[in-house]
Every structure is written in structure tokens, then in C-alpha cells.
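Dropping structure25.txt in here (compact mmCIF, C-alpha atoms):
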```
# COMPACT_ATOMS: atom_id res chain seq x y z
CA MET A 88 16.42 191.69 -62.64
CA LYS A 89 17.41 190.12 -59.32
CA ILE A 90 20.80 189.09 -57.91
CA LEU A 91 20.99 187.23 -54.58
CA GLY A 92 17.29 188.00 -54.19
CA PHE A 93 17.71 191.79 -54.44
CA PRO A 94 15.74 193.68 -57.13
CA ILE A 95 18.12 195.68 -59.34
CA GLN A 96 16.89 198.59 -61.46
CA ILE A 97 19.22 199.76 -64.23
CA ARG A 98 18.30 203.30 -65.20
CA PRO A 99 19.25 204.90 -68.54
CA GLY A 100 21.71 207.22 -66.79
CA PHE A 101 23.90 204.25 -65.84
CA LEU A 102 24.16 203.10 -69.46
CA VAL A 103 24.96 206.67 -70.54
CA PHE A 104 27.71 206.76 -67.89
CA LEU A 105 29.26 203.53 -69.21
CA LEU A 106 29.15 204.82 -72.80
CA LEU A 107 30.79 208.04 -71.63
CA ILE A 108 33.64 206.01 -70.07
CA VAL A 109 34.20 204.25 -73.41
CA PHE A 110 34.07 207.56 -75.30
CA LEU A 111 36.56 209.30 -73.00
CA ASN A 112 39.05 206.41 -72.77
CA GLY A 113 38.73 204.84 -76.20
CA VAL A 114 38.95 201.19 -77.16
CA PRO A 115 40.06 198.80 -75.71
CA LEU A 116 40.77 200.53 -72.35
CA GLY A 117 37.39 202.28 -72.26
CA THR A 118 35.57 199.02 -72.93
CA TRP A 119 37.43 197.18 -70.18
CA LEU A 120 36.96 200.10 -67.79
CA ALA A 121 33.21 200.40 -68.48
CA GLY A 122 32.73 196.66 -67.96
CA SER A 123 34.78 196.69 -64.76
CA VAL A 124 32.89 199.71 -63.39
CA ALA A 125 29.57 197.97 -64.08
CA VAL A 126 30.63 194.74 -62.34
CA PHE A 127 32.25 196.39 -59.31
CA THR A 128 29.41 198.90 -58.87
CA ILE A 129 26.95 196.02 -58.64
CA ALA A 130 29.30 194.18 -56.25
CA HIS A 131 29.60 197.34 -54.13
CA GLU A 132 25.82 197.79 -53.84
CA LEU A 133 25.32 194.07 -53.15
CA GLY A 134 27.74 194.49 -50.24
CA HIS A 135 25.46 197.18 -48.79
CA ALA A 136 22.32 195.14 -49.49
CA VAL A 137 23.61 191.90 -47.93
CA ALA A 138 24.76 193.77 -44.81
CA ALA A 139 21.34 195.45 -44.56
CA ARG A 140 19.56 192.11 -44.95
CA ARG A 141 21.60 190.66 -42.07
CA THR A 142 19.92 193.24 -39.80
CA GLY A 143 16.46 192.14 -40.97
CA ALA A 144 16.00 194.97 -43.48
CA THR A 145 14.72 194.59 -47.03
CA ALA A 146 16.89 196.16 -49.74
CA ARG A 147 16.80 197.04 -53.42
CA ILE A 148 19.44 198.43 -55.78
CA SER A 149 19.25 201.19 -58.40
CA LEU A 150 22.04 201.97 -60.87
CA ASP A 151 22.12 205.52 -62.24
CA PHE A 152 24.52 208.07 -63.73
CA LEU A 153 27.86 208.12 -61.85
CA ALA A 154 26.66 205.88 -59.02
CA GLY A 155 24.55 203.06 -57.68
CA TYR A 156 22.23 203.21 -54.69
CA ALA A 157 21.25 200.45 -52.28
CA SER A 158 18.11 201.59 -50.47
CA PHE A 159 16.79 199.56 -47.56
CA THR A 160 13.82 199.52 -45.19
CA PRO A 161 14.72 198.35 -41.67
CA SER A 162 12.36 196.13 -39.71
CA ARG A 163 13.55 197.77 -36.48
CA VAL A 164 15.66 200.68 -35.31
CA LEU A 165 19.29 200.03 -36.24
CA THR A 166 22.22 200.74 -33.95
CA ARG A 167 24.97 203.15 -35.00
CA ALA A 168 27.34 200.20 -35.41
CA GLU A 169 24.88 198.45 -37.74
CA ARG A 170 24.41 201.57 -39.87
CA ALA A 171 28.17 202.09 -40.05
CA GLY A 172 28.63 198.40 -40.92
CA ILE A 173 26.16 198.69 -43.81
CA ALA A 174 28.05 201.74 -45.12
CA LEU A 175 31.42 199.97 -44.81
CA ALA A 176 30.24 196.74 -46.46
CA GLY A 177 29.98 198.29 -49.94
CA PRO A 178 33.53 199.59 -50.43
CA ALA A 179 34.98 196.66 -48.46
CA THR A 180 33.35 194.21 -50.88
CA GLN A 181 34.58 196.23 -53.85
CA ILE A 182 38.17 196.43 -52.58
CA VAL A 183 38.41 192.75 -51.59
CA LEU A 184 36.93 191.45 -54.86
CA GLY A 185 39.12 193.80 -56.91
CA LEU A 186 42.30 192.69 -55.15
CA ALA A 187 41.25 189.05 -55.41
CA ALA A 188 40.64 189.37 -59.16
CA LEU A 189 44.07 190.92 -59.70
CA LEU A 190 45.81 188.24 -57.63
CA VAL A 191 43.99 185.45 -59.50
CA LEU A 192 45.25 187.01 -62.75
CA GLY A 193 48.78 186.99 -61.33
CA VAL A 194 48.93 190.78 -61.11
CA ASN A 195 50.61 192.58 -58.20
CA PRO A 196 48.17 195.39 -57.23
CA LEU A 197 51.03 197.30 -55.55
CA ASP A 198 53.34 197.27 -58.59
CA HIS A 199 52.44 200.02 -61.09
CA ARG A 200 54.37 198.37 -63.92
CA ASP A 201 52.51 195.11 -63.27
CA PHE A 202 48.88 196.30 -63.10
CA ALA A 203 49.41 198.92 -65.86
CA ALA A 204 50.96 196.37 -68.24
CA ASN A 205 47.63 195.73 -70.00
CA GLU A 206 44.17 197.28 -70.27
CA TYR A 207 42.15 194.68 -68.37
CA SER A 208 44.32 194.70 -65.22
CA LEU A 209 44.48 198.51 -65.22
CA ALA A 210 40.68 198.67 -65.54
CA ILE A 211 40.18 196.22 -62.67
CA TRP A 212 42.71 198.11 -60.52
CA TRP A 213 40.83 201.40 -61.01
CA ALA A 214 37.26 200.07 -60.82
CA GLY A 215 37.91 197.76 -57.86
CA PRO A 216 40.32 198.79 -55.09
CA ILE A 217 40.94 202.41 -56.11
CA ILE A 218 37.30 203.51 -56.41
CA GLY A 219 36.57 201.45 -53.29
CA VAL A 220 39.22 203.34 -51.31
CA PHE A 221 37.97 206.63 -52.79
CA ASN A 222 34.53 205.81 -51.36
CA LEU A 223 36.05 205.63 -47.87
CA ILE A 224 37.14 209.30 -47.89
CA PRO A 225 35.22 210.80 -44.92
CA VAL A 226 33.09 213.31 -46.82
CA MET A 227 29.40 213.18 -47.68
CA PRO A 228 27.72 211.53 -49.51
CA LEU A 229 30.48 208.90 -49.82
CA ASP A 230 30.34 205.82 -47.62
CA GLY A 231 33.27 207.15 -45.62
CA GLY A 232 31.22 210.25 -44.87
CA ASN A 233 28.30 208.16 -43.63
CA ILE A 234 30.64 206.15 -41.39
CA ALA A 235 32.12 209.38 -40.03
CA ALA A 236 28.60 210.75 -39.45
CA GLU A 237 27.81 207.77 -37.22
CA ALA A 238 31.01 208.43 -35.24
CA VAL A 239 30.14 212.13 -34.83
CA ASP A 240 26.63 211.11 -33.78
CA LEU A 241 28.12 209.40 -30.72
CA PHE A 242 29.08 212.83 -29.38
CA ARG A 243 26.28 214.90 -30.93
CA PRO A 244 23.24 212.58 -31.05
CA GLY A 245 21.00 213.25 -34.02
CA ARG A 246 23.41 215.81 -35.52
CA GLY A 247 26.12 213.62 -37.06
CA ARG A 248 24.88 213.78 -40.64
CA ALA A 249 24.20 217.52 -40.55
CA ILE A 250 27.66 218.25 -39.12
CA MET A 251 29.38 216.04 -41.71
CA ILE A 252 27.55 217.77 -44.58
CA ARG A 253 28.86 221.14 -43.35
CA LEU A 254 32.41 219.83 -42.89
CA SER A 255 32.48 218.02 -46.25
CA VAL A 256 32.21 221.17 -48.37
CA PRO A 257 35.49 222.84 -47.27
CA VAL A 258 37.31 219.48 -47.18
CA THR A 259 36.26 218.60 -50.73
CA ALA A 260 37.01 222.13 -51.93
CA GLY A 261 40.55 221.71 -50.57
CA ILE A 262 40.91 218.34 -52.31
CA PHE A 263 39.67 219.89 -55.57
CA VAL A 264 42.25 222.70 -55.40
CA GLY A 265 44.98 220.19 -54.57
CA MET A 266 44.08 218.10 -57.61
CA LEU A 267 44.29 221.16 -59.84
CA VAL A 268 47.76 221.99 -58.50
CA VAL A 269 49.20 218.46 -58.78
CA GLU A 270 49.48 217.66 -62.48
CA ASP A 271 49.18 213.87 -62.09
CA LEU A 272 45.91 214.30 -60.17
CA ARG A 273 44.42 216.93 -62.48
CA PRO A 274 42.36 214.42 -64.53
CA LEU A 275 40.55 213.41 -61.31
CA SER A 276 39.57 216.98 -60.42
CA SER A 277 36.30 216.64 -62.37
CA PHE A 278 35.14 213.95 -59.92
CA ALA A 279 35.95 216.20 -56.96
CA ALA A 280 34.02 219.01 -58.67
CA ILE A 281 30.95 216.78 -59.11
CA LEU A 282 31.22 215.71 -55.48
CA LEU A 283 31.41 219.35 -54.41
CA VAL A 284 28.26 220.21 -56.38
CA ILE A 285 26.38 217.33 -54.71
CA GLN A 286 27.54 218.53 -51.28
CA MET A 287 26.37 222.07 -51.99
CA GLN A 288 22.96 220.66 -52.92
CA LEU A 289 22.85 218.68 -49.66
CA LEU A 290 23.83 221.79 -47.72
CA SER A 291 21.09 223.76 -49.44
CA ILE A 292 18.51 221.11 -48.60
CA GLN A 293 19.73 221.01 -45.01
CA SER A 294 19.25 224.75 -44.54
CA ARG A 295 15.74 224.56 -46.04
CA PRO A 296 15.05 228.30 -46.15
CA ARG A 297 11.81 227.73 -48.05
CA ALA A 298 10.54 225.37 -45.38
CA SER A 299 10.85 228.04 -42.71
CA ARG A 300 8.70 230.41 -44.80
CA ASN A 301 6.09 227.87 -45.91
CA PRO A 302 4.32 226.12 -43.00
CA LEU A 303 3.06 223.28 -45.22
CA VAL A 304 6.52 222.54 -46.61
CA ALA A 305 7.96 222.75 -43.09
CA ALA A 306 5.35 220.34 -41.72
CA ARG A 307 6.10 217.82 -44.48
CA ALA A 308 9.84 218.12 -43.86
CA ALA A 309 9.34 217.60 -40.11
CA ALA A 310 7.13 214.55 -40.78
CA ALA A 311 9.80 213.09 -43.10
CA ALA A 312 12.49 213.64 -40.46
CA GLU A 313 10.35 211.93 -37.81
CA GLU A 314 9.63 209.01 -40.13
CA GLY A 315 13.33 208.63 -40.92
CA ALA A 316 14.13 208.52 -37.21
CA TRP A 317 11.75 205.63 -36.52
CA PHE A 318 12.61 203.68 -39.68
CA THR A 319 16.39 203.95 -39.54
CA GLY A 320 17.28 205.31 -36.11
CA GLN A 321 18.84 208.27 -37.94
CA PRO A 322 16.66 211.42 -37.97
CA GLY A 323 16.19 213.23 -41.24
CA LEU A 324 17.01 216.92 -41.71
CA LEU A 325 14.66 219.13 -39.70
CA PRO A 326 13.54 222.56 -40.95
CA PRO A 327 14.29 225.52 -38.67
CA GLY A 328 11.94 225.84 -35.72
CA HIS A 329 11.02 222.15 -35.66
CA ALA A 330 12.01 219.21 -33.48
CA LEU A 331 11.56 215.48 -33.27
CA SER A 332 8.59 214.26 -31.25
CA PRO A 333 8.84 213.69 -27.48
CA TRP A 334 8.00 210.05 -28.25
CA TRP A 335 11.16 209.72 -30.33
CA GLU A 336 13.25 211.49 -27.71
CA ALA A 337 11.92 209.16 -25.01
CA HIS A 338 12.53 206.11 -27.23
CA ARG A 339 16.10 207.24 -27.98
CA ILE A 340 16.87 207.59 -24.28
CA MET A 341 15.42 204.15 -23.53
CA THR A 342 17.36 202.39 -26.29
CA ASN A 343 20.64 203.95 -25.13
CA SER A 344 20.17 202.64 -21.58
CA ASN A 345 22.52 200.21 -19.89
CA GLY A 346 21.97 198.32 -16.67
CA SER A 347 23.14 201.01 -14.26
CA GLU A 348 21.34 203.85 -16.04
CA ALA A 349 18.09 202.05 -16.84
CA LYS A 350 16.03 203.40 -13.92
CA ASN A 351 17.18 206.97 -14.39
CA ASN A 352 16.57 206.79 -18.13
CA GLU A 353 13.09 205.38 -17.61
CA ALA A 354 12.27 208.31 -15.35
CA THR A 355 13.68 210.76 -17.91
CA ALA A 356 11.72 209.18 -20.77
CA ARG A 357 8.51 209.26 -18.72
CA ARG A 358 9.06 212.90 -17.82
CA ILE A 359 9.65 213.90 -21.46
CA ILE A 360 6.28 212.49 -22.57
CA LEU A 361 4.30 213.72 -19.56
CA ASP A 362 5.86 217.20 -19.59
CA ASP A 363 4.84 217.57 -23.22
CA LEU A 364 1.35 216.22 -22.51
CA THR A 365 0.73 218.72 -19.70
CA ASP A 366 2.64 221.70 -21.11
CA THR A 367 0.83 225.01 -20.46
CA SER A 368 3.33 227.37 -22.12
CA GLY A 369 1.35 227.59 -25.35
CA HIS A 370 4.56 227.40 -27.40
CA SER A 371 4.58 224.76 -30.15
CA ARG A 372 7.84 222.84 -30.67
CA GLY A 373 6.78 222.01 -34.21
CA TRP A 374 7.08 218.22 -34.00
CA ALA A 375 5.30 215.68 -36.17
CA PRO A 376 3.41 212.69 -34.67
CA PRO A 377 5.39 209.42 -34.53
CA HIS A 378 3.22 207.66 -37.13
CA ALA A 379 6.11 205.44 -38.27
CA ALA A 380 6.53 203.95 -34.77
CA THR A 381 5.52 200.29 -34.58
CA PRO A 382 3.52 198.84 -31.64
CA ASP A 383 6.58 197.03 -30.26
CA LEU A 384 8.45 200.37 -30.11
CA LEU A 385 5.54 202.20 -28.47
CA ASP A 386 4.74 199.50 -25.89
CA PRO A 387 7.76 200.10 -23.60
CA LEU A 388 7.05 203.84 -23.59
CA ILE A 389 3.37 203.44 -22.74
CA ASP A 390 4.28 200.99 -19.96
CA LEU A 391 6.25 203.82 -18.32
CA LEU A 392 3.20 206.09 -18.05
CA PRO A 393 0.88 206.30 -15.04
CA VAL A 394 -2.69 205.00 -15.11
CA PRO A 395 -4.75 207.06 -15.22
CA LEU A 396 -2.94 209.65 -17.29
CA PRO A 397 -3.00 213.30 -16.17
CA ARG A 398 -6.45 214.82 -16.66
CA PRO A 399 -6.62 216.67 -20.00
CA GLU A 400 -7.15 220.43 -19.72
CA ARG A 401 -7.84 223.10 -22.33
CA GLU A 402 -4.46 224.66 -21.55
CA HIS A 403 -2.67 221.44 -22.53
CA PRO A 404 -1.54 221.02 -26.17
CA GLU A 405 -4.20 219.44 -28.39
CA GLN A 406 -1.66 217.71 -30.65
CA SER A 407 -0.04 216.00 -27.68
CA GLN A 408 -3.41 214.71 -26.44
CA ASN A 409 -4.41 213.42 -29.90
CA THR A 410 -1.02 211.76 -30.32
CA MET A 411 -1.42 210.01 -26.97
CA VAL A 412 -4.81 208.60 -28.05
CA TRP A 413 -3.27 207.51 -31.37
CA ALA A 414 -0.35 205.81 -29.56
CA LEU A 415 -2.69 203.94 -27.20
CA LYS A 416 -4.73 202.74 -30.19
CA ARG A 417 -1.61 201.82 -32.18
CA ALA A 418 -0.27 199.77 -29.25
CA GLY A 419 -3.55 197.90 -28.81
CA ARG A 420 -4.62 199.70 -25.60
CA TYR A 421 -8.10 200.28 -27.04
CA ALA A 422 -10.07 200.68 -23.81
CA HIS A 423 -7.49 203.09 -22.40
CA GLY A 424 -7.43 205.02 -25.68
CA ALA A 425 -11.22 205.37 -25.79
CA SER A 426 -11.43 206.45 -22.15
CA TYR A 427 -8.59 208.97 -22.32
CA GLY A 428 -9.79 210.18 -25.73
CA SER A 429 -13.24 210.92 -24.32
CA ASP A 430 -11.66 213.06 -21.61
CA CYS A 431 -9.54 214.85 -24.22
CA PHE A 432 -12.63 215.53 -26.35
CA ARG A 433 -14.11 217.61 -23.54
CA ALA A 434 -11.01 219.80 -23.61
CA HIS A 435 -10.40 219.88 -27.39
CA PRO A 436 -13.31 218.51 -29.47
CA SER A 437 -12.28 217.68 -33.04
CA THR A 438 -13.21 215.39 -35.92
CA ASN A 439 -9.81 213.68 -35.86
CA LEU A 440 -10.11 212.86 -32.16
CA ALA A 441 -13.67 211.56 -32.54
CA VAL A 442 -12.50 209.23 -35.33
CA LEU A 443 -9.64 207.96 -33.12
CA ILE A 444 -12.06 207.26 -30.26
CA ALA A 445 -14.45 205.48 -32.64
CA GLY A 446 -11.57 203.33 -33.89
CA CYS A 447 -10.63 202.32 -30.34
CA LEU A 448 -14.24 201.43 -29.54
CA THR A 449 -14.90 199.32 -32.63
CA LEU A 450 -11.62 197.44 -32.09
CA GLU A 451 -12.91 196.69 -28.58
CA GLY A 452 -16.12 195.36 -30.15
CA HIS A 453 -18.32 198.31 -29.11
CA ASP A 454 -19.79 199.07 -32.54
CA ASP A 455 -22.81 200.99 -31.22
CA ALA A 456 -20.63 203.42 -29.30
CA ALA A 457 -18.24 203.67 -32.27
CA ALA A 458 -21.12 204.60 -34.58
CA GLN A 459 -22.20 207.31 -32.15
CA TRP A 460 -18.72 208.81 -32.11
CA LEU A 461 -18.61 208.75 -35.92
CA THR A 462 -21.86 210.70 -35.91
CA VAL A 463 -20.25 213.18 -33.51
CA ALA A 464 -17.29 213.39 -35.90
CA ALA A 465 -19.67 214.14 -38.77
CA HIS A 466 -21.24 217.07 -36.90
CA GLY A 467 -17.80 218.60 -36.39
CA ALA A 468 -16.74 217.85 -39.97
CA ALA A 469 -19.73 219.73 -41.36
CA ARG A 470 -17.94 222.96 -40.41
CA ASP A 471 -14.71 222.14 -42.29
CA ASP A 472 -14.21 220.58 -45.74
CA ALA A 473 -10.83 219.14 -44.69
CA ASP A 474 -12.47 217.38 -41.74
CA GLU A 475 -15.13 215.93 -44.05
CA THR A 476 -12.39 214.53 -46.30
CA LEU A 477 -10.59 213.05 -43.26
CA LEU A 478 -13.78 211.40 -41.99
CA LEU A 479 -14.73 209.99 -45.40
CA SER A 480 -11.22 208.60 -45.92
CA ALA A 481 -11.32 206.90 -42.51
CA LEU A 482 -14.75 205.38 -43.11
CA LEU A 483 -13.81 204.02 -46.53
CA ASN A 484 -10.22 202.93 -45.90
CA ASP A 485 -9.61 202.14 -42.21
CA SER A 486 -9.96 198.39 -41.63
CA GLU A 487 -11.37 198.81 -38.11
CA PHE A 488 -14.53 200.38 -39.55
CA GLN A 489 -15.33 197.40 -41.82
CA ARG A 490 -18.26 196.25 -39.67
CA VAL A 491 -19.45 199.70 -38.69
CA ARG A 492 -19.76 200.99 -42.26
CA GLU A 493 -22.40 198.32 -42.97
CA ARG A 494 -24.76 199.95 -40.46
CA PRO A 495 -27.61 201.91 -42.11
CA GLU A 496 -26.80 205.21 -40.38
CA ILE A 497 -23.12 204.97 -41.33
CA ARG A 498 -23.96 204.03 -44.94
CA ALA A 499 -26.16 207.13 -45.09
CA LEU A 500 -23.33 209.20 -43.60
CA ILE A 501 -20.88 207.91 -46.21
CA GLN A 502 -23.32 208.72 -49.03
CA ARG A 503 -23.78 212.26 -47.71
CA LEU A 504 -20.03 212.79 -47.46
CA VAL A 505 -19.49 211.45 -51.00
CA ARG A 506 -22.13 213.84 -52.38
CA ALA A 507 -20.44 216.73 -50.59
CA GLU A 508 -17.05 216.00 -52.19
```

Give the structure from the file, written as C-alpha cells.
Amino acid sequence: MKILGFPIQIRPGFLVFLLLIVFLNGVPLGTWLAGSVAVFTIAHELGHAVAARRTGATARISLDFLAGYASFTPSRVLTRAERAGIALAGPATQIVLGLAALLVLGVNPLDHRDFAANEYSLAIWWAGPIIGVFNLIPVMPLDGGNIAAEAVDLFRPGRGRAIMIRLSVPVTAGIFVGMLVVEDLRPLSSFAAILLVIQMQLLSIQSRPRASRNPLVAARAAAAAEEGAWFTGQPGLLPPGHALSPWWEAHRIMTNSNGSEAKNNEATARRIILDDLTDTSGHSRGWAPPHAATPDLLDPLIDLLPVPLPRPEREHPEQSQNTMVWALKRAGRYAHGASYGSDCFRAHPSTNLAVLIAGCLTLEGHDDAAAQWLTVAAHGAARDDADETLLLSALLNDSEFQRVRERPEIRALIQRLVRAE
């Protein structure tokens, strides 16, 4: 189903939720309330989706038990104001449409005797403006909490969401106790309890104790946080001992520049990348490569760097060197990537690096040299099953190797790798 061009998925949990409303409130109030909740939930999520689309993002809506979700994929990094605007658009749409519906029906939304005079106006009053206002309470994961997180992020960049999750638990616990004490609010305490459970789950995920003990889980969590940063401008939750990449940090500094600070920020961004590239401390910061960064986001950062780049040494971090070659290739600097990658290979030979160099060369039209580097990659891969899998995947799936894989020696290499699987 689509509304206004947005795909809408109605999951069984949403239908169960509506039936539960009817069961708890009876007929006819429960029927009116369930229908109103369905309509205003869709309106709420459409508000989010339309606001996201205005920034160039693509959005889709899912309706599930207790709530709806408008997920969106940005086409660029969004500003804090844009993210806050998307969060605000949902409840604002819900409140405005609810008030408008009541006024059209001749009902005064501020007069209890008026809106409570019949079931349909009471249902609209609850499902429209009241739930909309409830969503603006500044606790996670409500829209008000997301707006507050963007405000906190102004003062603690990259930490707004994490701080709001921690603050939301005691605030919601206080609201829950208050609802239990005030008799008129006691029926709403169950919603506060559900909200508190969700917040405790978010807090548990944020702490990620398992990730700190399991390197693979930690690496995946760090990669997800890095991806979230490039897709939305809002970093995901990092496991302990991990950080966002120096490429993201440099990009963040550049995008927050104004006219008077531009030169200083360019120098800072350049220093962040180069300091990481030439670090000799031997201490890993546990960052994931910026694989979600698009060429137009990488270009300004690469333009800051000197040519030639600092000479690669064995004491320099291998991941930083490989990421630099990947970034040059991603941004279309194929000749530079192949040249710098060859220098890096002398310091840290690896199958992954040889494949990156081969990709740069074939994109430059140097298929003979690319085939030679793929052969070099195969010699290194023979010592590690994971490297063989990486090489085979690249040969079969990477579009830049379409011509090269038709060469007899590369066909033979592919056949050997397939037999070894």
C-alpha cells in the first residue's frame, strides 16, 4: 500500500493493538478510538516522511504494535535543524489535523464538556492532539526526545542521543510514579511503564557490555555507528573502546565551518587525517572504515591532503593506509590510489590492498597491470582462507573487474578459488 508515494507496511502487531483498544474500551468508544488511532498514526508518520522527502531522503512507513515508524535514507548528511524538523513534523501534523477535525465538527477542543459529549469527538481528541502532545515530551524514544537530543548535540557533538537516553530513564520513572499517585492519571501509568521498559532496553544496548568482550560484535557495532554517521549525520552508538573514523571527524569539522573559521578548520581536518595516517604509537583507536561515505563527501577531504602523501612506513597503521587507498579509489583518484597503494604494499603487503590497487588500475584502463596485481593477491590469499574468499568475491562481484575476469589467467584463477571453497 502507498500513500503520497510512501510505501506503508501494516504488520500484524498494529491490528492486534487496534483490537486491544476496542476490547479495553468497549463499543462504541473503543471502535471510534481504534479508528482514530489508526488514522492519526498514519498522519503522524506521513508528517515525518514528507519532511524527510523535502531534504531529498527516501522514506517508508511501518505500522506495528503500539507505534508506527517512518524510516528514511538520506541522500546527503542532514543538518541538526533538518533532523529536528523531521522529528517535529510528525506530532505537529497529528496535533494540527486533530484540532482541525474537532473544529470542523463544531467541537471546542478546550472544553471538556464539549469534546467528551460523544464518543467520536472524545476519540479524536485523544488520538489527535493529546497523543501528539504526549509525543513531544522530551524523553527517548519519543519525538520530543529526538528533538532534545539534537539540541544537546549542539553542546556535546555526537553525544546528544546517548545523553538523552540516560536522562530519559529517571525522568520517565518520575512520571510513572506521579501517575500512580494521581488517581485521574493512574490509567495512563501503563503507557509510562511501557516507555520505561523501552528506555531500559535502549540503555542496555548503549552500554553494549557484550560488544566489549567480543571483538567481532564490537567491530560490527563500530561499523554500524560509522555508517549511521555518514548516512544521517548522527553517529550510532559506539561500543566501549571504539571511535568514529578520522575521516568522519574531519568531515564533521569541515561541515561545521563558517567563513571566518574555514581556513583553521581545513587545517584541523587535514591534520586529523594525516596524524592518523602517520601514527607510530601502535595503539588502535578501534574505528571502522568510512565505507558509507559518498565520493562527493570524500572529495573535499582528499583535496585538503598534500601530493604526494607522506611515505608509508611499517610503523604506520595498516588500516589507515588501506583506507586511504580505498578513499582515493572511491573518489575517482585512480592513478593516485594505485601509486600510493603500491608504496603501502611495500610496508604492509596484503590481499585486500592488492585487490584495491588492481581496482584502481583497471579503472584507469591498465588491465595488464591489474591482472598482475590480482595474481599477487592470489599468492597472498593462498595462506589464508578468509583472503581467498575476499579475492573470489571481488573477482566475481566487483564491476571494475568485468573486463579483467575474461582474461585466461584470471578465469583460471577464479576456477582455482571456486574449487578451494

Using all atoms listed in the file, which residues sit within 9 Å of stretch 127-140 of chain A once same-chain residues fewer than 4 positions away are excluded, as an MDAnalysis selection string? chainID A and resid 90:91 93 95 122:123 144:150 154:161 169:170 172:182 184:185 211 214:215 219

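Among the candidates A:Leu450, A:Ala279, A:Val463, A:Leu396, the residue lying nearest to A:Gly419 is A:Leu450 (atoms considered: only C-alpha atoms).
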
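Candidate residues A:Glu336, A:Glu313, A:Asp362, A:Asp151 were compared for distance to A:Val103, and the nearest is A:Asp151, using all atoms listed in the file.
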
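Put simply, atom CA of A:Gly428 is 16.9 Å away from atom CA of A:Asp455.
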
Quick one: residues within 10 Å of A:Thr462, all atoms listed in the file counted, chain neighbours fewer than 2 positions away excluded, as an MDAnalysis selection string? chainID A and resid 438 441:442 445 456:460 464:468 496:497 500

Just-selected residues, C-alpha atoms written as a JSON list (two decimals), in the coordinates of the input:
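Just written: result_12.json:
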```
[["chain", "number", "residue", "atom", "x", "y", "z"],
["A", 438, "THR", "CA", -13.21, 215.39, -35.92],
["A", 441, "ALA", "CA", -13.67, 211.56, -32.54],
["A", 442, "VAL", "CA", -12.50, 209.23, -35.33],
["A", 445, "ALA", "CA", -14.45, 205.48, -32.64],
["A", 456, "ALA", "CA", -20.63, 203.42, -29.30],
["A", 457, "ALA", "CA", -18.24, 203.67, -32.27],
["A", 458, "ALA", "CA", -21.12, 204.60, -34.58],
["A", 459, "GLN", "CA", -22.20, 207.31, -32.15],
["A", 460, "TRP", "CA", -18.72, 208.81, -32.11],
["A", 464, "ALA", "CA", -17.29, 213.39, -35.90],
["A", 465, "ALA", "CA", -19.67, 214.14, -38.77],
["A", 466, "HIS", "CA", -21.24, 217.07, -36.90],
["A", 467, "GLY", "CA", -17.80, 218.60, -36.39],
["A", 468, "ALA", "CA", -16.74, 217.85, -39.97],
["A", 496, "GLU", "CA", -26.80, 205.21, -40.38],
["A", 497, "ILE", "CA", -23.12, 204.97, -41.33],
["A", 500, "LEU", "CA", -23.33, 209.20, -43.60]]
```

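Going from atom CA of A:His329 over to atom CA of A:Pro404, you cover 15.8 Å.
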
So the first atom is atom CA of A:Leu189 and the second is atom CA of A:Gly113; what is the distance between them in Å, to one decimal place? 22.2 Å

Build an axis-aligned box that encloses every atom of stretch 189-194 of chain A listed in the file, pad it by 3 Å on each side, and report its centre and edge lengths in Å to one decimal, as AutoDock Vina command-line options.
```
--center_x 46.5 --center_y 188.2 --center_z -60.2 --size_x 10.9 --size_y 11.5 --size_z 11.1
```

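Considering the residues A:Leu186, A:Phe101, A:Leu479, A:Pro495 and counting only C-alpha atoms, A:Ile218 has its shortest atom-to-atom contact with A:Leu186.
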
Using only C-alpha atoms, which of A:Pro228, A:Pro196, A:Pro333, A:Gly143 sits nearest A:Leu364? A:Pro333

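Take the candidates A:Phe278, A:Leu331, A:Thr166, A:Phe242 and check each one against A:Phe221 using all atoms listed in the file; the shortest distance goes to A:Phe278.
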
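Comparing the minimum interatomic distances between A:Ala375 and each of A:Arg273, A:Arg494, A:Arg307, A:Arg243, counting all atoms listed in the file, we find that A:Arg307 sits nearest.
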
Please produce stretch 307-319 of chain A, completed to N, CA and C atoms, as a PDB file, in the coordinates of the input.
```
ATOM      1  N   ARG A 307       5.744 219.041 -43.738  1.00  0.00           N
ATOM      2  CA  ARG A 307       6.100 217.820 -44.480  1.00  0.00           C
ATOM      3  C   ARG A 307       7.540 217.422 -44.202  1.00  0.00           C
ATOM      4  N   ALA A 308       8.429 218.409 -44.140  1.00  0.00           N
ATOM      5  CA  ALA A 308       9.840 218.120 -43.860  1.00  0.00           C
ATOM      6  C   ALA A 308       9.998 217.544 -42.456  1.00  0.00           C
ATOM      7  N   ALA A 309       9.264 218.103 -41.487  1.00  0.00           N
ATOM      8  CA  ALA A 309       9.340 217.600 -40.110  1.00  0.00           C
ATOM      9  C   ALA A 309       8.802 216.177 -40.030  1.00  0.00           C
ATOM     10  N   ALA A 310       7.703 215.903 -40.769  1.00  0.00           N
ATOM     11  CA  ALA A 310       7.130 214.550 -40.780  1.00  0.00           C
ATOM     12  C   ALA A 310       8.115 213.555 -41.398  1.00  0.00           C
ATOM     13  N   ALA A 311       8.810 213.975 -42.465  1.00  0.00           N
ATOM     14  CA  ALA A 311       9.800 213.090 -43.100  1.00  0.00           C
ATOM     15  C   ALA A 311      10.972 212.817 -42.164  1.00  0.00           C
ATOM     16  N   ALA A 312      11.390 213.833 -41.419  1.00  0.00           N
ATOM     17  CA  ALA A 312      12.490 213.640 -40.460  1.00  0.00           C
ATOM     18  C   ALA A 312      12.084 212.685 -39.351  1.00  0.00           C
ATOM     19  N   GLU A 313      10.856 212.824 -38.859  1.00  0.00           N
ATOM     20  CA  GLU A 313      10.350 211.930 -37.810  1.00  0.00           C
ATOM     21  C   GLU A 313      10.260 210.501 -38.323  1.00  0.00           C
ATOM     22  N   GLU A 314       9.745 210.348 -39.538  1.00  0.00           N
ATOM     23  CA  GLU A 314       9.630 209.010 -40.130  1.00  0.00           C
ATOM     24  C   GLU A 314      11.004 208.370 -40.282  1.00  0.00           C
ATOM     25  N   GLY A 315      11.972 209.155 -40.767  1.00  0.00           N
ATOM     26  CA  GLY A 315      13.330 208.630 -40.920  1.00  0.00           C
ATOM     27  C   GLY A 315      13.917 208.173 -39.598  1.00  0.00           C
ATOM     28  N   ALA A 316      13.613 208.902 -38.528  1.00  0.00           N
ATOM     29  CA  ALA A 316      14.130 208.520 -37.210  1.00  0.00           C
ATOM     30  C   ALA A 316      13.621 207.153 -36.791  1.00  0.00           C
ATOM     31  N   TRP A 317      12.323 206.908 -36.953  1.00  0.00           N
ATOM     32  CA  TRP A 317      11.750 205.630 -36.520  1.00  0.00           C
ATOM     33  C   TRP A 317      12.138 204.479 -37.441  1.00  0.00           C
ATOM     34  N   PHE A 318      12.274 204.749 -38.744  1.00  0.00           N
ATOM     35  CA  PHE A 318      12.610 203.680 -39.680  1.00  0.00           C
ATOM     36  C   PHE A 318      14.073 203.275 -39.597  1.00  0.00           C
ATOM     37  N   THR A 319      14.963 204.239 -39.438  1.00  0.00           N
ATOM     38  CA  THR A 319      16.390 203.950 -39.540  1.00  0.00           C
ATOM     39  C   THR A 319      17.172 204.224 -38.264  1.00  0.00           C
TER      40      THR A 319
END
```
